[in-house]
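As provided, upload34.csv (CSV, C-alpha atoms) reads as follows.
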chain,number,residue,atom,x,y,z
A,1,MET,CA,34.3,-41.3,-105.0
A,2,SER,CA,31.6,-39.7,-102.9
A,3,HIS,CA,30.0,-38.4,-106.0
A,4,ALA,CA,29.7,-41.9,-107.4
A,5,VAL,CA,28.2,-43.2,-104.1
A,6,ALA,CA,25.8,-40.2,-104.2
A,7,MET,CA,24.7,-41.2,-107.7
A,8,VAL,CA,24.1,-44.8,-106.6
A,9,LEU,CA,22.0,-43.6,-103.6
A,10,LEU,CA,20.0,-41.2,-105.7
A,11,ALA,CA,19.2,-43.9,-108.3
A,12,LEU,CA,18.2,-46.3,-105.5
A,13,GLY,CA,16.0,-43.7,-103.8
A,14,ILE,CA,14.3,-42.8,-107.1
A,15,ALA,CA,13.8,-46.5,-108.0
A,16,ILE,CA,12.1,-47.2,-104.7
A,17,MET,CA,9.8,-44.2,-105.1
A,18,VAL,CA,8.9,-45.2,-108.7
A,19,PHE,CA,8.1,-48.7,-107.6
A,20,SER,CA,5.9,-47.6,-104.8
A,21,ALA,CA,4.2,-45.2,-107.2
A,22,ILE,CA,3.4,-48.1,-109.5
A,23,GLY,CA,2.2,-50.1,-106.6
A,24,LEU,CA,0.0,-47.2,-105.5
A,25,LEU,CA,-1.7,-47.2,-108.9
A,26,ILE,CA,-2.1,-50.9,-109.2
A,27,VAL,CA,-3.7,-51.8,-105.9
A,28,ARG,CA,-7.4,-51.1,-105.2
A,29,ASN,CA,-7.6,-52.0,-101.5
A,30,ARG,CA,-7.3,-49.1,-99.0
A,31,TYR,CA,-4.9,-50.8,-96.7
A,32,ASP,CA,-2.7,-51.9,-99.6
A,33,ARG,CA,-2.7,-48.3,-100.9
A,34,LEU,CA,-1.7,-47.0,-97.5
A,35,HIS,CA,1.2,-49.5,-97.4
A,36,TYR,CA,2.9,-47.9,-100.4
A,37,VAL,CA,3.3,-44.5,-98.8
A,38,ALA,CA,5.7,-45.9,-96.3
A,39,PRO,CA,8.6,-47.0,-98.5
A,40,ALA,CA,8.5,-43.7,-100.4
A,41,ALA,CA,8.7,-41.7,-97.2
A,42,THR,CA,10.9,-43.8,-95.0
A,43,LEU,CA,13.3,-45.3,-97.6
A,44,GLY,CA,13.2,-43.2,-100.7
A,45,MET,CA,13.4,-39.8,-99.1
A,46,PRO,CA,16.4,-40.7,-96.8
A,47,LEU,CA,18.3,-42.2,-99.7
A,48,ILE,CA,17.7,-39.1,-101.8
A,49,GLY,CA,18.6,-36.8,-98.8
A,50,LEU,CA,21.7,-38.9,-98.1
A,51,ALA,CA,22.8,-38.5,-101.8
A,52,VAL,CA,22.4,-34.7,-101.6
A,53,ALA,CA,24.2,-34.6,-98.2
A,54,LEU,CA,27.1,-36.8,-99.5
A,55,ASP,CA,27.5,-34.7,-102.7
A,56,GLY,CA,27.1,-31.3,-100.9
A,57,GLY,CA,29.5,-32.0,-98.1
A,58,PHE,CA,29.4,-30.1,-94.8
A,59,ALA,CA,27.3,-27.0,-95.4
A,60,ALA,CA,24.3,-25.1,-94.1
A,61,ALA,CA,22.2,-26.4,-96.9
A,62,THR,CA,23.1,-30.0,-96.0
A,63,VAL,CA,22.0,-29.5,-92.4
A,64,LYS,CA,18.7,-28.2,-93.7
A,65,VAL,CA,18.3,-31.2,-96.1
A,66,VAL,CA,19.0,-33.6,-93.2
A,67,PHE,CA,16.4,-31.8,-91.1
A,68,ILE,CA,13.8,-32.0,-93.9
A,69,VAL,CA,14.4,-35.8,-94.3
A,70,VAL,CA,14.3,-36.5,-90.6
A,71,LEU,CA,11.0,-34.5,-90.4
A,72,THR,CA,9.5,-36.5,-93.2
A,73,VAL,CA,10.6,-39.8,-91.8
A,74,LEU,CA,9.2,-39.0,-88.4
A,75,THR,CA,5.9,-37.4,-89.5
A,76,SER,CA,4.7,-39.4,-92.4
A,77,PRO,CA,4.2,-42.6,-90.4
A,78,ILE,CA,2.1,-40.6,-87.9
A,79,VAL,CA,-0.2,-39.4,-90.7
A,80,SER,CA,-0.4,-43.0,-92.1
A,81,ALA,CA,-1.3,-44.3,-88.7
A,82,ALA,CA,-4.0,-41.7,-88.3
A,83,MET,CA,-5.4,-42.7,-91.7
A,84,GLY,CA,-5.3,-46.4,-90.8
A,85,PHE,CA,-7.1,-45.6,-87.6
A,86,VAL,CA,-9.9,-43.8,-89.7
A,87,ILE,CA,-10.2,-46.8,-92.0
A,88,ARG,CA,-10.6,-49.2,-89.1
A,89,ARG,CA,-13.2,-46.9,-87.5
A,90,GLU,CA,-15.2,-46.7,-90.8
A,91,GLU,CA,-15.4,-50.5,-91.1
B,1,MET,CA,20.6,-29.3,-116.9
B,2,ASN,CA,22.6,-31.3,-114.3
B,3,ILE,CA,21.8,-34.8,-112.9
B,4,TRP,CA,19.9,-33.4,-109.9
B,5,LEU,CA,17.4,-31.5,-112.0
B,6,LEU,CA,17.1,-34.5,-114.3
B,7,ALA,CA,16.3,-36.6,-111.2
B,8,ALA,CA,13.7,-34.0,-110.2
B,9,VAL,CA,12.0,-34.2,-113.6
B,10,VAL,CA,12.0,-38.0,-113.4
B,11,LEU,CA,10.4,-37.8,-109.9
B,12,CYS,CA,7.8,-35.3,-111.2
B,13,VAL,CA,6.7,-37.6,-114.1
B,14,LEU,CA,7.0,-41.1,-112.5
B,15,VAL,CA,6.2,-40.4,-108.8
B,16,LEU,CA,4.4,-37.1,-108.4
B,17,LEU,CA,2.0,-37.7,-111.4
B,18,PRO,CA,0.9,-41.2,-110.2
B,19,GLY,CA,0.4,-39.7,-106.7
B,20,LEU,CA,-1.9,-37.0,-108.2
B,21,ILE,CA,-3.7,-39.6,-110.3
B,22,ALA,CA,-4.3,-41.7,-107.1
B,23,ALA,CA,-5.5,-38.5,-105.5
B,24,CYS,CA,-8.3,-38.3,-108.1
B,25,HIS,CA,-9.6,-41.9,-107.9
B,26,GLY,CA,-11.5,-43.7,-105.2
B,27,ASP,CA,-13.4,-42.6,-102.1
B,28,ALA,CA,-12.3,-39.7,-99.9
B,29,LEU,CA,-9.9,-41.7,-97.8
B,30,GLU,CA,-8.2,-43.3,-100.8
B,31,ARG,CA,-7.8,-39.9,-102.4
B,32,LEU,CA,-6.3,-38.6,-99.1
B,33,ILE,CA,-3.7,-41.4,-99.2
B,34,GLY,CA,-2.9,-40.5,-102.7
B,35,LEU,CA,-2.4,-36.9,-101.6
B,36,GLN,CA,-0.1,-37.9,-98.8
B,37,PHE,CA,2.0,-39.9,-101.3
B,38,ALA,CA,2.1,-36.9,-103.7
B,39,THR,CA,3.2,-34.7,-100.8
B,40,VAL,CA,6.2,-36.9,-100.1
B,41,ALA,CA,7.1,-36.9,-103.8
B,42,ALA,CA,6.8,-33.1,-103.9
B,43,ILE,CA,9.1,-32.7,-100.9
B,44,ALA,CA,11.7,-34.8,-102.7
B,45,VAL,CA,11.3,-32.8,-105.9
B,46,LEU,CA,11.7,-29.5,-104.1
B,47,VAL,CA,14.9,-30.7,-102.3
B,48,LEU,CA,16.4,-31.9,-105.6
B,49,VAL,CA,15.4,-28.7,-107.4
B,50,ALA,CA,17.0,-26.5,-104.6
B,51,TYR,CA,20.2,-28.6,-104.8
B,52,GLY,CA,20.3,-28.7,-108.6
B,53,LEU,CA,20.0,-24.9,-108.8
B,54,SER,CA,22.4,-24.4,-105.9
B,55,ARG,CA,19.9,-22.2,-104.1
B,56,ALA,CA,19.8,-23.1,-100.4
B,57,ILE,CA,16.9,-20.7,-99.8
B,58,TYR,CA,14.7,-22.8,-102.0
B,59,LEU,CA,15.0,-25.6,-99.4
B,60,ASP,CA,12.6,-23.5,-97.1
B,61,THR,CA,9.7,-24.5,-99.3
B,62,ALA,CA,10.4,-28.2,-98.8
B,63,LEU,CA,10.8,-27.6,-95.1
B,64,VAL,CA,7.4,-25.8,-94.9
B,65,LEU,CA,5.7,-28.5,-97.0
B,66,ALA,CA,7.2,-31.2,-94.7
B,67,LEU,CA,5.8,-29.3,-91.6
B,68,LEU,CA,2.4,-28.6,-93.1
B,69,SER,CA,1.9,-32.2,-94.5
B,70,LEU,CA,1.7,-33.4,-90.9
B,71,ALA,CA,-0.8,-30.8,-89.8
B,72,GLY,CA,-2.8,-31.2,-93.1
B,73,GLY,CA,-2.9,-34.9,-93.0
B,74,LEU,CA,-4.0,-35.1,-89.4
B,75,VAL,CA,-6.7,-32.4,-90.0
B,76,PHE,CA,-8.1,-34.1,-93.1
B,77,SER,CA,-8.1,-37.4,-91.2
B,78,ARG,CA,-10.0,-35.7,-88.4
B,79,PHE,CA,-12.6,-34.4,-90.9
B,80,LEU,CA,-13.1,-37.9,-92.4
B,81,SER,CA,-13.7,-39.5,-89.0
B,82,GLN,CA,-15.8,-38.0,-86.3
B,83,SER,CA,-14.1,-40.1,-83.6
B,84,LEU,CA,-10.4,-39.3,-84.0

Target format structure tokens, applied to this file:
Amino acid sequence: MSHAVAMVLLALGIAIMVFSAIGLLIVRNRYDRLHYVAPAATLGMPLIGLAVALDGGFAAATVKVVFIVVLTVLTSPIVSAAMGFVIRREE
Amino acid sequence: MNIWLLAAVVLCVLVLLPGLIAACHGDALERLIGLQFATVAAIAVLVLVAYGLSRAIYLDTALVLALLSLAGGLVFSRFLSQSL
């Protein structure tokens, strides 16, 4: 059961990342391009991490995966905000 | 090849590659945004490869990349703007 749920979460996470990659390639505006980093980092990564954690159960590796995902979710918006700040300053 | 390694390959081709292409087009800031996207994709690929191969020690590379992407992104942003 948990394996099936993990597969669904993995497919969802990959789909979100693929769609944001397509969006990244299509748009030309800098702000729009910056927007597409957010769903990959704050939605795609947690879904993939959750899939790995569900399938792996309670183990040391799972704790490390959760830590990596939390780190990515917390730090990626900080970098995005810094880049948005630079864009605004340049205009 | 199990489903996790297959997912890693799919992410490599459909997410990491567009990120790298985006990191080669546009002005400096647009390329930096592409690099940030590619970094997020690379972290996901490393996690999936580590789990697919059942080697917990490989997760350390993803952990280090996640830590360095913050410092790298902020430093590159600082270089591109004299006021940050």

List every residue of chain B that has an atom at most 9 Å from any atom of chain A, giving for each one its closest atom pair and the distance in Å to one decimal, counting all atoms listed in the file, sorted by chain and then by ascending residue number, as CSV.
residue,atom,partner,partner_atom,distance
B:Ile3,CA,A:Met7,CA,8.7
B:Trp4,CA,A:Val52,CA,8.8
B:Ala7,CA,A:Ile14,CA,7.7
B:Val10,CA,A:Ile14,CA,8.2
B:Leu11,CA,A:Ile14,CA,6.9
B:Leu14,CA,A:Val18,CA,5.9
B:Val15,CA,A:Ala21,CA,5.4
B:Leu16,CA,A:Ala21,CA,8.2
B:Leu17,CA,A:Ala21,CA,8.9
B:Pro18,CA,A:Ala21,CA,6.0
B:Gly19,CA,A:Ala21,CA,6.7
B:Ile21,CA,A:Leu25,CA,8.0
B:Ala22,CA,A:Leu25,CA,6.3
B:Gly26,CA,A:Arg28,CA,8.5
B:Leu29,CA,A:Met83,CA,7.6
B:Glu30,CA,A:Arg30,CA,6.1
B:Leu32,CA,A:Met83,CA,8.5
B:Ile33,CA,A:Leu34,CA,6.2
B:Gly34,CA,A:Leu24,CA,7.8
B:Gln36,CA,A:Val37,CA,7.4
B:Phe37,CA,A:Val37,CA,5.4
B:Val40,CA,A:Ala41,CA,6.1
B:Ala41,CA,A:Ala40,CA,7.7
B:Ile43,CA,A:Ile68,CA,8.5
B:Ala44,CA,A:Met45,CA,6.4
B:Val47,CA,A:Val65,CA,7.1
B:Leu48,CA,A:Val52,CA,7.7
B:Tyr51,CA,A:Val52,CA,7.2
B:Arg55,CA,A:Ala61,CA,8.6
B:Ala56,CA,A:Ala61,CA,5.4
B:Ile57,CA,A:Ala61,CA,8.3
B:Leu59,CA,A:Lys64,CA,7.3
B:Asp60,CA,A:Lys64,CA,8.4
B:Ala62,CA,A:Ile68,CA,7.1
B:Leu63,CA,A:Ile68,CA,5.5
B:Val64,CA,A:Ile68,CA,9.0
B:Ala66,CA,A:Thr72,CA,6.0
B:Leu67,CA,A:Leu71,CA,7.5
B:Ser69,CA,A:Ser76,CA,8.0
B:Leu70,CA,A:Thr75,CA,6.0
B:Ala71,CA,A:Val79,CA,8.7
B:Gly72,CA,A:Val79,CA,8.9
B:Gly73,CA,A:Val79,CA,5.7
B:Leu74,CA,A:Val79,CA,5.9
B:Ser77,CA,A:Met83,CA,6.0
B:Arg78,CA,A:Val86,CA,8.2
B:Leu80,CA,A:Val86,CA,7.2
B:Ser81,CA,A:Val86,CA,5.8
B:Gln82,CA,A:Val86,CA,8.9
B:Ser83,CA,A:Arg89,CA,7.9
B:Leu84,CA,A:Val86,CA,7.3

Just to confirm, what's the straight-line distance from CA of Asn2 in chain B to CA of Leu53 in chain B in Å (one decimal)?
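That distance, rounded to one decimal, is 8.8 Å.
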
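Distance-wise, CA of Val9 in chain B and CA of Val45 in chain B end up 7.9 Å apart.
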
Would you work out the distance separating CA of Val5 in chain A from CA of Leu54 in chain A, expressed in Å to one decimal?
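Pair CA of Val5 in chain A / CA of Leu54 in chain A returns 8.0 Å.
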